[in-house]
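Source file query.cif; content: mmCIF, N, CA and C atoms.
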```cif
data_final
loop_
_atom_site.label_atom_id
_atom_site.label_comp_id
_atom_site.auth_asym_id
_atom_site.auth_seq_id
_atom_site.Cartn_x
_atom_site.Cartn_y
_atom_site.Cartn_z
N MET A 1 -10.91 -8.12 13.43
CA MET A 1 -9.56 -7.79 13.03
C MET A 1 -9.31 -8.35 11.65
N ILE A 2 -8.63 -7.59 10.82
CA ILE A 2 -8.28 -8.05 9.48
C ILE A 2 -7.02 -8.90 9.57
N ALA A 3 -7.07 -10.11 9.05
CA ALA A 3 -5.93 -11.01 9.09
C ALA A 3 -5.06 -10.88 7.85
N TYR A 4 -5.69 -10.66 6.68
CA TYR A 4 -4.93 -10.49 5.45
C TYR A 4 -5.80 -9.82 4.40
N VAL A 5 -5.13 -9.27 3.40
CA VAL A 5 -5.78 -8.69 2.23
C VAL A 5 -5.18 -9.37 1.02
N THR A 6 -6.02 -9.78 0.08
CA THR A 6 -5.55 -10.39 -1.16
C THR A 6 -6.05 -9.56 -2.34
N VAL A 7 -5.14 -9.28 -3.27
CA VAL A 7 -5.53 -8.61 -4.51
C VAL A 7 -5.12 -9.49 -5.67
N GLY A 8 -5.92 -9.46 -6.71
CA GLY A 8 -5.62 -10.26 -7.90
C GLY A 8 -4.68 -9.52 -8.84
N ALA A 9 -3.90 -10.29 -9.56
CA ALA A 9 -3.00 -9.73 -10.57
C ALA A 9 -2.91 -10.68 -11.75
N ASP A 10 -3.00 -10.13 -12.95
CA ASP A 10 -2.84 -10.94 -14.16
C ASP A 10 -1.37 -11.12 -14.52
N ASN A 11 -0.52 -10.20 -14.09
CA ASN A 11 0.90 -10.24 -14.39
C ASN A 11 1.67 -10.11 -13.08
N ILE A 12 2.09 -11.22 -12.51
CA ILE A 12 2.76 -11.24 -11.21
C ILE A 12 4.10 -10.50 -11.27
N VAL A 13 4.82 -10.60 -12.35
CA VAL A 13 6.12 -9.91 -12.47
C VAL A 13 5.92 -8.40 -12.40
N ARG A 14 4.96 -7.90 -13.12
CA ARG A 14 4.65 -6.46 -13.11
C ARG A 14 4.16 -6.03 -11.73
N ALA A 15 3.32 -6.83 -11.10
CA ALA A 15 2.82 -6.51 -9.76
C ALA A 15 3.96 -6.51 -8.75
N LYS A 16 4.86 -7.46 -8.87
CA LYS A 16 6.00 -7.53 -7.95
C LYS A 16 6.86 -6.27 -8.06
N ARG A 17 7.11 -5.82 -9.26
CA ARG A 17 7.90 -4.59 -9.45
C ARG A 17 7.23 -3.42 -8.74
N PHE A 18 5.93 -3.28 -8.88
CA PHE A 18 5.19 -2.19 -8.25
C PHE A 18 5.22 -2.30 -6.73
N TYR A 19 4.80 -3.42 -6.18
CA TYR A 19 4.70 -3.56 -4.72
C TYR A 19 6.07 -3.58 -4.05
N ASN A 20 7.10 -4.09 -4.75
CA ASN A 20 8.45 -4.05 -4.18
C ASN A 20 9.01 -2.64 -4.10
N ALA A 21 8.41 -1.70 -4.81
CA ALA A 21 8.87 -0.32 -4.78
C ALA A 21 8.57 0.36 -3.44
N PHE A 22 7.61 -0.18 -2.65
CA PHE A 22 7.31 0.47 -1.38
C PHE A 22 7.07 -0.46 -0.20
N LEU A 23 6.59 -1.66 -0.40
CA LEU A 23 6.29 -2.52 0.76
C LEU A 23 7.52 -2.90 1.58
N PRO A 24 8.67 -3.24 1.00
CA PRO A 24 9.84 -3.54 1.84
C PRO A 24 10.25 -2.35 2.72
N ALA A 25 10.07 -1.13 2.24
CA ALA A 25 10.40 0.05 3.05
C ALA A 25 9.45 0.22 4.23
N LEU A 26 8.30 -0.46 4.18
CA LEU A 26 7.34 -0.44 5.29
C LEU A 26 7.47 -1.70 6.14
N SER A 27 8.59 -2.40 6.01
CA SER A 27 8.97 -3.58 6.79
C SER A 27 8.30 -4.88 6.35
N TYR A 28 7.64 -4.90 5.20
CA TYR A 28 7.06 -6.14 4.70
C TYR A 28 8.14 -7.00 4.07
N GLY A 29 8.19 -8.26 4.45
CA GLY A 29 9.07 -9.23 3.82
C GLY A 29 8.31 -9.93 2.71
N LEU A 30 9.01 -10.35 1.67
CA LEU A 30 8.37 -11.00 0.53
C LEU A 30 8.69 -12.49 0.52
N LYS A 31 7.65 -13.28 0.35
CA LYS A 31 7.79 -14.71 0.09
C LYS A 31 7.11 -14.96 -1.24
N GLU A 32 7.84 -15.59 -2.16
CA GLU A 32 7.28 -15.91 -3.47
C GLU A 32 7.02 -17.40 -3.57
N GLY A 33 5.96 -17.74 -4.25
CA GLY A 33 5.64 -19.14 -4.48
C GLY A 33 4.84 -19.28 -5.75
N SER A 34 4.52 -20.50 -6.06
CA SER A 34 3.75 -20.75 -7.28
C SER A 34 2.36 -20.11 -7.21
N GLU A 35 1.89 -19.82 -6.00
CA GLU A 35 0.58 -19.22 -5.83
C GLU A 35 0.61 -17.71 -5.87
N GLY A 36 1.80 -17.09 -5.98
CA GLY A 36 1.88 -15.63 -6.06
C GLY A 36 2.84 -15.05 -5.05
N LEU A 37 2.56 -13.83 -4.64
CA LEU A 37 3.41 -13.08 -3.73
C LEU A 37 2.75 -12.94 -2.37
N SER A 38 3.53 -13.12 -1.31
CA SER A 38 3.03 -12.93 0.06
C SER A 38 3.93 -11.91 0.74
N TYR A 39 3.36 -10.77 1.09
CA TYR A 39 4.08 -9.73 1.82
C TYR A 39 3.63 -9.82 3.28
N VAL A 40 4.61 -10.05 4.17
CA VAL A 40 4.30 -10.32 5.57
C VAL A 40 5.14 -9.41 6.47
N LEU A 41 4.51 -8.85 7.47
CA LEU A 41 5.22 -8.06 8.47
C LEU A 41 5.83 -9.00 9.50
N PRO A 42 6.97 -8.63 10.07
CA PRO A 42 7.57 -9.49 11.09
C PRO A 42 6.72 -9.50 12.36
N ASP A 43 6.73 -10.63 13.05
CA ASP A 43 6.03 -10.71 14.34
C ASP A 43 6.73 -9.82 15.34
N GLN A 44 5.93 -9.13 16.15
CA GLN A 44 6.47 -8.29 17.20
C GLN A 44 5.80 -8.69 18.51
N PRO A 45 6.56 -9.31 19.41
CA PRO A 45 5.97 -9.81 20.66
C PRO A 45 5.25 -8.75 21.47
N SER A 46 5.68 -7.50 21.39
CA SER A 46 5.04 -6.44 22.18
C SER A 46 3.69 -6.01 21.61
N GLN A 47 3.37 -6.47 20.41
CA GLN A 47 2.14 -6.11 19.76
C GLN A 47 1.03 -7.07 20.19
N PRO A 48 -0.15 -6.55 20.57
CA PRO A 48 -1.22 -7.44 21.03
C PRO A 48 -1.80 -8.34 19.95
N ALA A 49 -1.70 -7.94 18.69
CA ALA A 49 -2.27 -8.75 17.60
C ALA A 49 -1.38 -8.62 16.37
N ALA A 50 -1.43 -9.64 15.54
CA ALA A 50 -0.65 -9.63 14.30
C ALA A 50 -1.24 -8.62 13.32
N LEU A 51 -0.38 -7.94 12.60
CA LEU A 51 -0.85 -7.02 11.57
C LEU A 51 -1.15 -7.83 10.31
N PRO A 52 -2.03 -7.32 9.45
CA PRO A 52 -2.45 -8.12 8.30
C PRO A 52 -1.35 -8.33 7.26
N ASP A 53 -1.36 -9.52 6.67
CA ASP A 53 -0.50 -9.84 5.54
C ASP A 53 -1.16 -9.29 4.28
N PHE A 54 -0.36 -9.15 3.23
CA PHE A 54 -0.86 -8.63 1.95
C PHE A 54 -0.42 -9.60 0.86
N TYR A 55 -1.39 -10.19 0.16
CA TYR A 55 -1.11 -11.19 -0.86
C TYR A 55 -1.46 -10.66 -2.25
N VAL A 56 -0.61 -10.98 -3.23
CA VAL A 56 -0.85 -10.64 -4.63
C VAL A 56 -0.84 -11.97 -5.38
N LYS A 57 -1.98 -12.34 -5.94
CA LYS A 57 -2.11 -13.68 -6.51
C LYS A 57 -2.93 -13.65 -7.81
N PRO A 58 -2.71 -14.65 -8.66
CA PRO A 58 -3.62 -14.79 -9.80
C PRO A 58 -5.03 -15.06 -9.27
N THR A 59 -6.03 -14.71 -10.05
CA THR A 59 -7.39 -14.94 -9.60
C THR A 59 -7.67 -16.44 -9.52
N PHE A 60 -8.50 -16.82 -8.58
CA PHE A 60 -8.81 -18.24 -8.40
C PHE A 60 -9.73 -18.78 -9.50
N ASP A 61 -10.59 -17.89 -10.04
CA ASP A 61 -11.53 -18.37 -11.06
C ASP A 61 -10.98 -18.27 -12.47
N GLY A 62 -9.75 -17.75 -12.62
CA GLY A 62 -9.12 -17.68 -13.93
C GLY A 62 -9.57 -16.50 -14.79
N ARG A 63 -10.55 -15.74 -14.32
CA ARG A 63 -10.98 -14.56 -15.07
C ARG A 63 -10.03 -13.40 -14.76
N PRO A 64 -10.04 -12.35 -15.59
CA PRO A 64 -9.13 -11.22 -15.36
C PRO A 64 -9.35 -10.57 -13.99
N ALA A 65 -8.25 -10.14 -13.37
CA ALA A 65 -8.34 -9.40 -12.12
C ALA A 65 -8.94 -8.03 -12.42
N SER A 66 -9.66 -7.47 -11.45
CA SER A 66 -10.25 -6.14 -11.63
C SER A 66 -9.95 -5.29 -10.41
N ALA A 67 -10.11 -3.99 -10.58
CA ALA A 67 -9.75 -3.04 -9.53
C ALA A 67 -10.80 -2.98 -8.42
N GLY A 68 -12.06 -3.07 -8.71
CA GLY A 68 -13.10 -2.97 -7.70
C GLY A 68 -13.39 -1.52 -7.36
N ASN A 69 -14.47 -0.99 -7.87
CA ASN A 69 -14.82 0.40 -7.61
C ASN A 69 -15.11 0.61 -6.13
N GLY A 70 -14.43 1.56 -5.52
CA GLY A 70 -14.61 1.85 -4.11
C GLY A 70 -13.69 1.05 -3.20
N ALA A 71 -12.97 0.09 -3.73
CA ALA A 71 -12.06 -0.71 -2.92
C ALA A 71 -10.68 -0.04 -2.90
N MET A 72 -10.03 -0.04 -1.72
CA MET A 72 -8.72 0.56 -1.59
C MET A 72 -8.00 -0.11 -0.42
N THR A 73 -6.69 -0.26 -0.55
CA THR A 73 -5.86 -0.76 0.54
C THR A 73 -4.93 0.37 0.93
N ALA A 74 -4.84 0.65 2.25
CA ALA A 74 -4.00 1.73 2.76
C ALA A 74 -2.84 1.15 3.56
N PHE A 75 -1.66 1.72 3.36
CA PHE A 75 -0.46 1.32 4.08
C PHE A 75 0.06 2.52 4.86
N LYS A 76 0.35 2.31 6.14
CA LYS A 76 0.82 3.39 6.99
C LYS A 76 2.33 3.54 6.87
N ALA A 77 2.76 4.75 6.56
CA ALA A 77 4.18 5.10 6.48
C ALA A 77 4.60 5.75 7.80
N ARG A 78 5.92 5.87 8.00
CA ARG A 78 6.44 6.44 9.25
C ARG A 78 6.43 7.96 9.27
N SER A 79 6.38 8.59 8.10
CA SER A 79 6.47 10.05 8.06
C SER A 79 5.88 10.57 6.75
N GLN A 80 5.67 11.88 6.70
CA GLN A 80 5.21 12.51 5.48
C GLN A 80 6.25 12.36 4.37
N LYS A 81 7.52 12.47 4.72
CA LYS A 81 8.59 12.31 3.74
C LYS A 81 8.56 10.90 3.16
N GLN A 82 8.34 9.90 4.01
CA GLN A 82 8.29 8.53 3.49
C GLN A 82 7.10 8.36 2.56
N VAL A 83 5.97 8.99 2.85
CA VAL A 83 4.83 8.94 1.93
C VAL A 83 5.25 9.47 0.56
N ARG A 84 5.90 10.63 0.54
CA ARG A 84 6.33 11.22 -0.73
C ARG A 84 7.32 10.32 -1.46
N ASP A 85 8.31 9.82 -0.73
CA ASP A 85 9.34 8.97 -1.33
C ASP A 85 8.76 7.68 -1.90
N LEU A 86 7.89 7.03 -1.14
CA LEU A 86 7.33 5.75 -1.60
C LEU A 86 6.31 5.95 -2.71
N HIS A 87 5.57 7.04 -2.67
CA HIS A 87 4.65 7.37 -3.76
C HIS A 87 5.43 7.51 -5.06
N ALA A 88 6.54 8.26 -5.02
CA ALA A 88 7.39 8.45 -6.21
C ALA A 88 7.99 7.12 -6.67
N ALA A 89 8.44 6.30 -5.74
CA ALA A 89 9.03 5.00 -6.10
C ALA A 89 7.99 4.09 -6.75
N ALA A 90 6.78 4.10 -6.25
CA ALA A 90 5.72 3.26 -6.82
C ALA A 90 5.33 3.74 -8.21
N LEU A 91 5.32 5.05 -8.42
CA LEU A 91 5.04 5.57 -9.77
C LEU A 91 6.14 5.14 -10.74
N ALA A 92 7.38 5.22 -10.30
CA ALA A 92 8.51 4.82 -11.15
C ALA A 92 8.50 3.33 -11.44
N ALA A 93 7.83 2.56 -10.58
CA ALA A 93 7.78 1.10 -10.74
C ALA A 93 6.53 0.63 -11.48
N GLY A 94 5.85 1.54 -12.17
CA GLY A 94 4.73 1.13 -13.00
C GLY A 94 3.36 1.49 -12.47
N GLY A 95 3.29 2.21 -11.36
CA GLY A 95 2.00 2.62 -10.82
C GLY A 95 1.49 3.88 -11.52
N PHE A 96 0.26 4.25 -11.19
CA PHE A 96 -0.38 5.42 -11.76
C PHE A 96 -0.82 6.35 -10.64
N ASN A 97 -0.61 7.63 -10.82
CA ASN A 97 -0.97 8.61 -9.80
C ASN A 97 -2.47 8.76 -9.70
N GLU A 98 -2.97 8.67 -8.49
CA GLU A 98 -4.39 8.86 -8.24
C GLU A 98 -4.61 10.04 -7.29
N GLY A 99 -3.52 10.68 -6.88
CA GLY A 99 -3.60 11.83 -5.97
C GLY A 99 -2.25 12.09 -5.33
N GLN A 100 -1.65 13.22 -5.65
CA GLN A 100 -0.34 13.57 -5.12
C GLN A 100 -0.35 13.57 -3.59
N PRO A 101 0.76 13.23 -2.96
CA PRO A 101 0.83 13.29 -1.49
C PRO A 101 0.53 14.70 -0.98
N GLY A 102 -0.24 14.74 0.09
CA GLY A 102 -0.59 16.01 0.71
C GLY A 102 -1.72 15.83 1.70
N PHE A 103 -2.15 16.94 2.25
CA PHE A 103 -3.28 16.94 3.18
C PHE A 103 -4.58 17.04 2.39
N ARG A 104 -5.64 16.48 2.94
CA ARG A 104 -6.96 16.57 2.33
C ARG A 104 -7.90 17.22 3.34
N GLU A 105 -8.73 18.13 2.88
CA GLU A 105 -9.67 18.84 3.76
C GLU A 105 -10.63 17.87 4.46
N ALA A 106 -10.94 16.76 3.82
CA ALA A 106 -11.93 15.83 4.37
C ALA A 106 -11.40 15.04 5.57
N TYR A 107 -10.09 15.07 5.82
CA TYR A 107 -9.51 14.26 6.88
C TYR A 107 -8.91 15.14 7.96
N GLY A 108 -8.46 14.53 9.04
CA GLY A 108 -7.88 15.25 10.17
C GLY A 108 -6.67 16.08 9.77
N PRO A 109 -6.26 17.01 10.62
CA PRO A 109 -5.21 17.96 10.28
C PRO A 109 -3.82 17.35 10.11
N HIS A 110 -3.61 16.12 10.56
CA HIS A 110 -2.29 15.48 10.43
C HIS A 110 -2.30 14.30 9.46
N PHE A 111 -3.45 14.05 8.83
CA PHE A 111 -3.56 12.92 7.91
C PHE A 111 -2.99 13.34 6.56
N TYR A 112 -1.81 12.80 6.25
CA TYR A 112 -1.06 13.12 5.02
C TYR A 112 -1.08 11.88 4.15
N VAL A 113 -1.56 12.01 2.92
CA VAL A 113 -1.81 10.81 2.12
C VAL A 113 -1.50 11.04 0.64
N GLY A 114 -1.01 9.99 -0.01
CA GLY A 114 -0.84 9.96 -1.46
C GLY A 114 -1.55 8.73 -1.99
N TYR A 115 -2.19 8.87 -3.15
CA TYR A 115 -2.96 7.78 -3.73
C TYR A 115 -2.34 7.31 -5.04
N LEU A 116 -2.43 6.01 -5.28
CA LEU A 116 -1.88 5.37 -6.47
C LEU A 116 -2.86 4.35 -7.00
N ARG A 117 -2.61 3.93 -8.22
CA ARG A 117 -3.23 2.72 -8.78
C ARG A 117 -2.09 1.78 -9.11
N ASP A 118 -2.25 0.51 -8.76
CA ASP A 118 -1.22 -0.46 -9.14
C ASP A 118 -1.36 -0.76 -10.64
N PRO A 119 -0.45 -1.54 -11.23
CA PRO A 119 -0.53 -1.79 -12.67
C PRO A 119 -1.85 -2.42 -13.12
N GLN A 120 -2.56 -3.08 -12.20
CA GLN A 120 -3.83 -3.72 -12.52
C GLN A 120 -5.00 -2.75 -12.32
N GLY A 121 -4.74 -1.57 -11.72
CA GLY A 121 -5.78 -0.57 -11.52
C GLY A 121 -6.33 -0.50 -10.11
N LYS A 122 -5.81 -1.31 -9.18
CA LYS A 122 -6.30 -1.29 -7.80
C LYS A 122 -5.78 -0.06 -7.08
N LYS A 123 -6.64 0.56 -6.26
CA LYS A 123 -6.28 1.79 -5.57
C LYS A 123 -5.51 1.49 -4.29
N ILE A 124 -4.41 2.24 -4.10
CA ILE A 124 -3.53 2.09 -2.94
C ILE A 124 -3.36 3.47 -2.31
N ALA A 125 -3.40 3.52 -1.00
CA ALA A 125 -3.11 4.76 -0.27
C ALA A 125 -1.86 4.54 0.57
N LEU A 126 -0.99 5.53 0.59
CA LEU A 126 0.16 5.56 1.48
C LEU A 126 -0.06 6.78 2.37
N PHE A 127 -0.08 6.57 3.70
CA PHE A 127 -0.43 7.69 4.57
C PHE A 127 0.44 7.75 5.81
N SER A 128 0.47 8.93 6.39
CA SER A 128 1.08 9.17 7.69
C SER A 128 0.10 10.03 8.48
N ASN A 129 0.02 9.77 9.76
CA ASN A 129 -0.92 10.52 10.62
C ASN A 129 -0.22 10.86 11.93
N ASP A 130 1.00 11.35 11.83
CA ASP A 130 1.85 11.61 12.99
C ASP A 130 1.60 13.01 13.53
N PRO A 131 1.05 13.11 14.74
CA PRO A 131 0.75 14.44 15.31
C PRO A 131 2.00 15.26 15.65
N THR A 132 3.19 14.64 15.62
CA THR A 132 4.40 15.41 15.90
C THR A 132 4.95 16.11 14.66
N GLU A 133 4.41 15.79 13.48
CA GLU A 133 4.83 16.45 12.25
C GLU A 133 3.89 17.63 11.98
N PRO A 134 4.36 18.58 11.13
CA PRO A 134 3.48 19.73 10.80
C PRO A 134 2.16 19.24 10.23
N GLY A 135 1.09 19.93 10.60
CA GLY A 135 -0.23 19.57 10.14
C GLY A 135 -0.70 20.46 9.01
N ARG A 136 -1.88 20.18 8.55
CA ARG A 136 -2.49 20.91 7.43
C ARG A 136 -2.59 22.40 7.71
N ASP A 137 -2.87 22.76 8.93
CA ASP A 137 -3.12 24.16 9.27
C ASP A 137 -1.90 24.86 9.85
N GLY A 138 -0.73 24.26 9.75
CA GLY A 138 0.41 24.94 10.35
C GLY A 138 1.64 24.33 10.01
#
```

Can you dump the structure from the file as structure tokens?
Amino acid sequence: MIAYVTVGADNIVRAKRFYNAFLPALSYGLKEGSEGLSYVLPDQPSQPAALPDFYVKPTFDGRPASAGNGAMTAFKARSQKQVRDLHAAALAAGGFNEGQPGFREAYGPHFYVGYLRDPQGKKIALFSNDPTEPGRDG
């Protein structure tokens, strides 16, 4: 089980603007400290395991943060509309478009996803996979 994901950022203020554009809408609470940003989901007693936290921090070795080719963090949205809304909000907050929200042939018929790059260049996916919403083929 994944306990947390950490991404590096050279500019915490810029990163905060980007991640605050969509993570609070996905129920992540923000805790700020001298070590960076901690986005944490609330505990839910009915859930068998804790969902992973997401940290944005300066690099530990002091070298510039990098995007990591092939690395991506995906966040699950509640609906296709929320994917579109949060994708647009993240772009307006300094992100870069890596793929407009929509269906992809390579994935299941209900997998709806939009891709972004954060201000540091790290790839982010916002997706919904709700079988009660219209699918790719209908």

Q.
Need to verify the contact set: Glu133 of chain A, 8 Å, all atoms listed in the file, exclusion of same-chain residues closer than 4 positions in sequence. Can you return it as a VMD selection string?
A. chain A and resid 79 to 80 109 to 110 129 138

Around all the atoms of segment 52-59 of chain A listed in the file, draw an axis-aligned box and extend it by 5 Å on each of the six sides; I want its centre and edge lengths in Å to one decimal, as JSON.
```
{"center_x": -4.0, "center_y": -11.9, "center_z": -0.3, "size_x": 17.3, "size_y": 19.1, "size_z": 29.5}
```

**Q.** Between atom CA of Ala67 of chain A and atom C of Gly121 of chain A - distance in Å to one decimal
**A.**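 That distance, rounded to one decimal, is 4.3 Å.
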
Q. What does the distance between atom N of Asp53 of chain A and atom C of Pro134 of chain A come to in Å, to one decimal place?
A.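 Between atom N of Asp53 of chain A and atom C of Pro134 of chain A the gap works out to 29.2 Å.
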
Test item: which residues lie within 7 Å of (-2.1, -2.8, 0.1) counting all atoms listed in the file, as an mmCIF file with N, CA and C atoms, keeping the file's coordinate frame:
```cif
data_model
loop_
_atom_site.group_PDB
_atom_site.id
_atom_site.type_symbol
_atom_site.label_atom_id
_atom_site.label_comp_id
_atom_site.auth_asym_id
_atom_site.auth_seq_id
_atom_site.Cartn_x
_atom_site.Cartn_y
_atom_site.Cartn_z
ATOM 1 N N PHE A 54 -0.360 -9.150 3.230
ATOM 2 C CA PHE A 54 -0.860 -8.630 1.950
ATOM 3 C C PHE A 54 -0.420 -9.600 0.860
ATOM 4 N N MET A 72 -10.030 -0.040 -1.720
ATOM 5 C CA MET A 72 -8.720 0.560 -1.590
ATOM 6 C C MET A 72 -8.000 -0.110 -0.420
ATOM 7 N N THR A 73 -6.690 -0.260 -0.550
ATOM 8 C CA THR A 73 -5.860 -0.760 0.540
ATOM 9 C C THR A 73 -4.930 0.370 0.930
ATOM 10 N N ALA A 74 -4.840 0.650 2.250
ATOM 11 C CA ALA A 74 -4.000 1.730 2.760
ATOM 12 C C ALA A 74 -2.840 1.150 3.560
ATOM 13 N N PHE A 75 -1.660 1.720 3.360
ATOM 14 C CA PHE A 75 -0.460 1.320 4.080
ATOM 15 C C PHE A 75 0.060 2.520 4.860
ATOM 16 N N ILE A 124 -4.410 2.240 -4.100
ATOM 17 C CA ILE A 124 -3.530 2.090 -2.940
ATOM 18 C C ILE A 124 -3.360 3.470 -2.310
ATOM 19 N N ALA A 125 -3.400 3.520 -1.000
ATOM 20 C CA ALA A 125 -3.110 4.760 -0.270
ATOM 21 C C ALA A 125 -1.860 4.540 0.570
#
```

Q: Apply the PyMOL selection byres ((chain A and resi 18-32) around 6) to the displayed file and report the matching residues as JSON, numbers by chain.
A: {"A": [14, 15, 16, 17, 33, 34, 36, 37, 38, 39, 40, 41, 42, 86, 89, 90, 93, 94, 95]}

Please write the residues from the selection above to a file, keeping N, CA and C atoms, as a short mmCIF file (atom, residue, chain, number, x, y, z; two decimals), in the coordinates of the input.
```cif
data_model
loop_
_atom_site.label_atom_id
_atom_site.label_comp_id
_atom_site.auth_asym_id
_atom_site.auth_seq_id
_atom_site.Cartn_x
_atom_site.Cartn_y
_atom_site.Cartn_z
N ARG A 14 4.96 -7.90 -13.12
CA ARG A 14 4.65 -6.46 -13.11
C ARG A 14 4.16 -6.03 -11.73
N ALA A 15 3.32 -6.83 -11.10
CA ALA A 15 2.82 -6.51 -9.76
C ALA A 15 3.96 -6.51 -8.75
N LYS A 16 4.86 -7.46 -8.87
CA LYS A 16 6.00 -7.53 -7.95
C LYS A 16 6.86 -6.27 -8.06
N ARG A 17 7.11 -5.82 -9.26
CA ARG A 17 7.90 -4.59 -9.45
C ARG A 17 7.23 -3.42 -8.74
N GLY A 33 5.96 -17.74 -4.25
CA GLY A 33 5.64 -19.14 -4.48
C GLY A 33 4.84 -19.28 -5.75
N SER A 34 4.52 -20.50 -6.06
CA SER A 34 3.75 -20.75 -7.28
C SER A 34 2.36 -20.11 -7.21
N GLY A 36 1.80 -17.09 -5.98
CA GLY A 36 1.88 -15.63 -6.06
C GLY A 36 2.84 -15.05 -5.05
N LEU A 37 2.56 -13.83 -4.64
CA LEU A 37 3.41 -13.08 -3.73
C LEU A 37 2.75 -12.94 -2.37
N SER A 38 3.53 -13.12 -1.31
CA SER A 38 3.03 -12.93 0.06
C SER A 38 3.93 -11.91 0.74
N TYR A 39 3.36 -10.77 1.09
CA TYR A 39 4.08 -9.73 1.82
C TYR A 39 3.63 -9.82 3.28
N VAL A 40 4.61 -10.05 4.17
CA VAL A 40 4.30 -10.32 5.57
C VAL A 40 5.14 -9.41 6.47
N LEU A 41 4.51 -8.85 7.47
CA LEU A 41 5.22 -8.06 8.47
C LEU A 41 5.83 -9.00 9.50
N PRO A 42 6.97 -8.63 10.07
CA PRO A 42 7.57 -9.49 11.09
C PRO A 42 6.72 -9.50 12.36
N LEU A 86 7.89 7.03 -1.14
CA LEU A 86 7.33 5.75 -1.60
C LEU A 86 6.31 5.95 -2.71
N ALA A 89 8.44 6.30 -5.74
CA ALA A 89 9.03 5.00 -6.10
C ALA A 89 7.99 4.09 -6.75
N ALA A 90 6.78 4.10 -6.25
CA ALA A 90 5.72 3.26 -6.82
C ALA A 90 5.33 3.74 -8.21
N ALA A 93 7.83 2.56 -10.58
CA ALA A 93 7.78 1.10 -10.74
C ALA A 93 6.53 0.63 -11.48
N GLY A 94 5.85 1.54 -12.17
CA GLY A 94 4.73 1.13 -13.00
C GLY A 94 3.36 1.49 -12.47
N GLY A 95 3.29 2.21 -11.36
CA GLY A 95 2.00 2.62 -10.82
C GLY A 95 1.49 3.88 -11.52
#
```

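Minimum distance to Ala50 of chain A across A:Ala106, A:Pro101, A:Gln82, A:Ile2 (counting only C-alpha atoms) occurs at A:Ile2.
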
Q: Return as a VMD selection string the set of residues that the PyMOL selection byres ((chain A and resi 117) around 7) yields on the displayed structure.
A: chain A and resid 94 to 99 115 to 116 118 to 124

For N, CA and C atoms, I'd like the residues from the last selection saved as a short mmCIF file (atom, residue, chain, number, x, y, z; two decimals), in the coordinates of the input.
```cif
data_model
loop_
_atom_site.label_atom_id
_atom_site.label_comp_id
_atom_site.auth_asym_id
_atom_site.auth_seq_id
_atom_site.Cartn_x
_atom_site.Cartn_y
_atom_site.Cartn_z
N GLY A 94 5.85 1.54 -12.17
CA GLY A 94 4.73 1.13 -13.00
C GLY A 94 3.36 1.49 -12.47
N GLY A 95 3.29 2.21 -11.36
CA GLY A 95 2.00 2.62 -10.82
C GLY A 95 1.49 3.88 -11.52
N PHE A 96 0.26 4.25 -11.19
CA PHE A 96 -0.38 5.42 -11.76
C PHE A 96 -0.82 6.35 -10.64
N ASN A 97 -0.61 7.63 -10.82
CA ASN A 97 -0.97 8.61 -9.80
C ASN A 97 -2.47 8.76 -9.70
N GLU A 98 -2.97 8.67 -8.49
CA GLU A 98 -4.39 8.86 -8.24
C GLU A 98 -4.61 10.04 -7.29
N GLY A 99 -3.52 10.68 -6.88
CA GLY A 99 -3.60 11.83 -5.97
C GLY A 99 -2.25 12.09 -5.33
N TYR A 115 -2.19 8.87 -3.15
CA TYR A 115 -2.96 7.78 -3.73
C TYR A 115 -2.34 7.31 -5.04
N LEU A 116 -2.43 6.01 -5.28
CA LEU A 116 -1.88 5.37 -6.47
C LEU A 116 -2.86 4.35 -7.00
N ASP A 118 -2.25 0.51 -8.76
CA ASP A 118 -1.22 -0.46 -9.14
C ASP A 118 -1.36 -0.76 -10.64
N PRO A 119 -0.45 -1.54 -11.23
CA PRO A 119 -0.53 -1.79 -12.67
C PRO A 119 -1.85 -2.42 -13.12
N GLN A 120 -2.56 -3.08 -12.20
CA GLN A 120 -3.83 -3.72 -12.52
C GLN A 120 -5.00 -2.75 -12.32
N GLY A 121 -4.74 -1.57 -11.72
CA GLY A 121 -5.78 -0.57 -11.52
C GLY A 121 -6.33 -0.50 -10.11
N LYS A 122 -5.81 -1.31 -9.18
CA LYS A 122 -6.30 -1.29 -7.80
C LYS A 122 -5.78 -0.06 -7.08
N LYS A 123 -6.64 0.56 -6.26
CA LYS A 123 -6.28 1.79 -5.57
C LYS A 123 -5.51 1.49 -4.29
N ILE A 124 -4.41 2.24 -4.10
CA ILE A 124 -3.53 2.09 -2.94
C ILE A 124 -3.36 3.47 -2.31
#
```
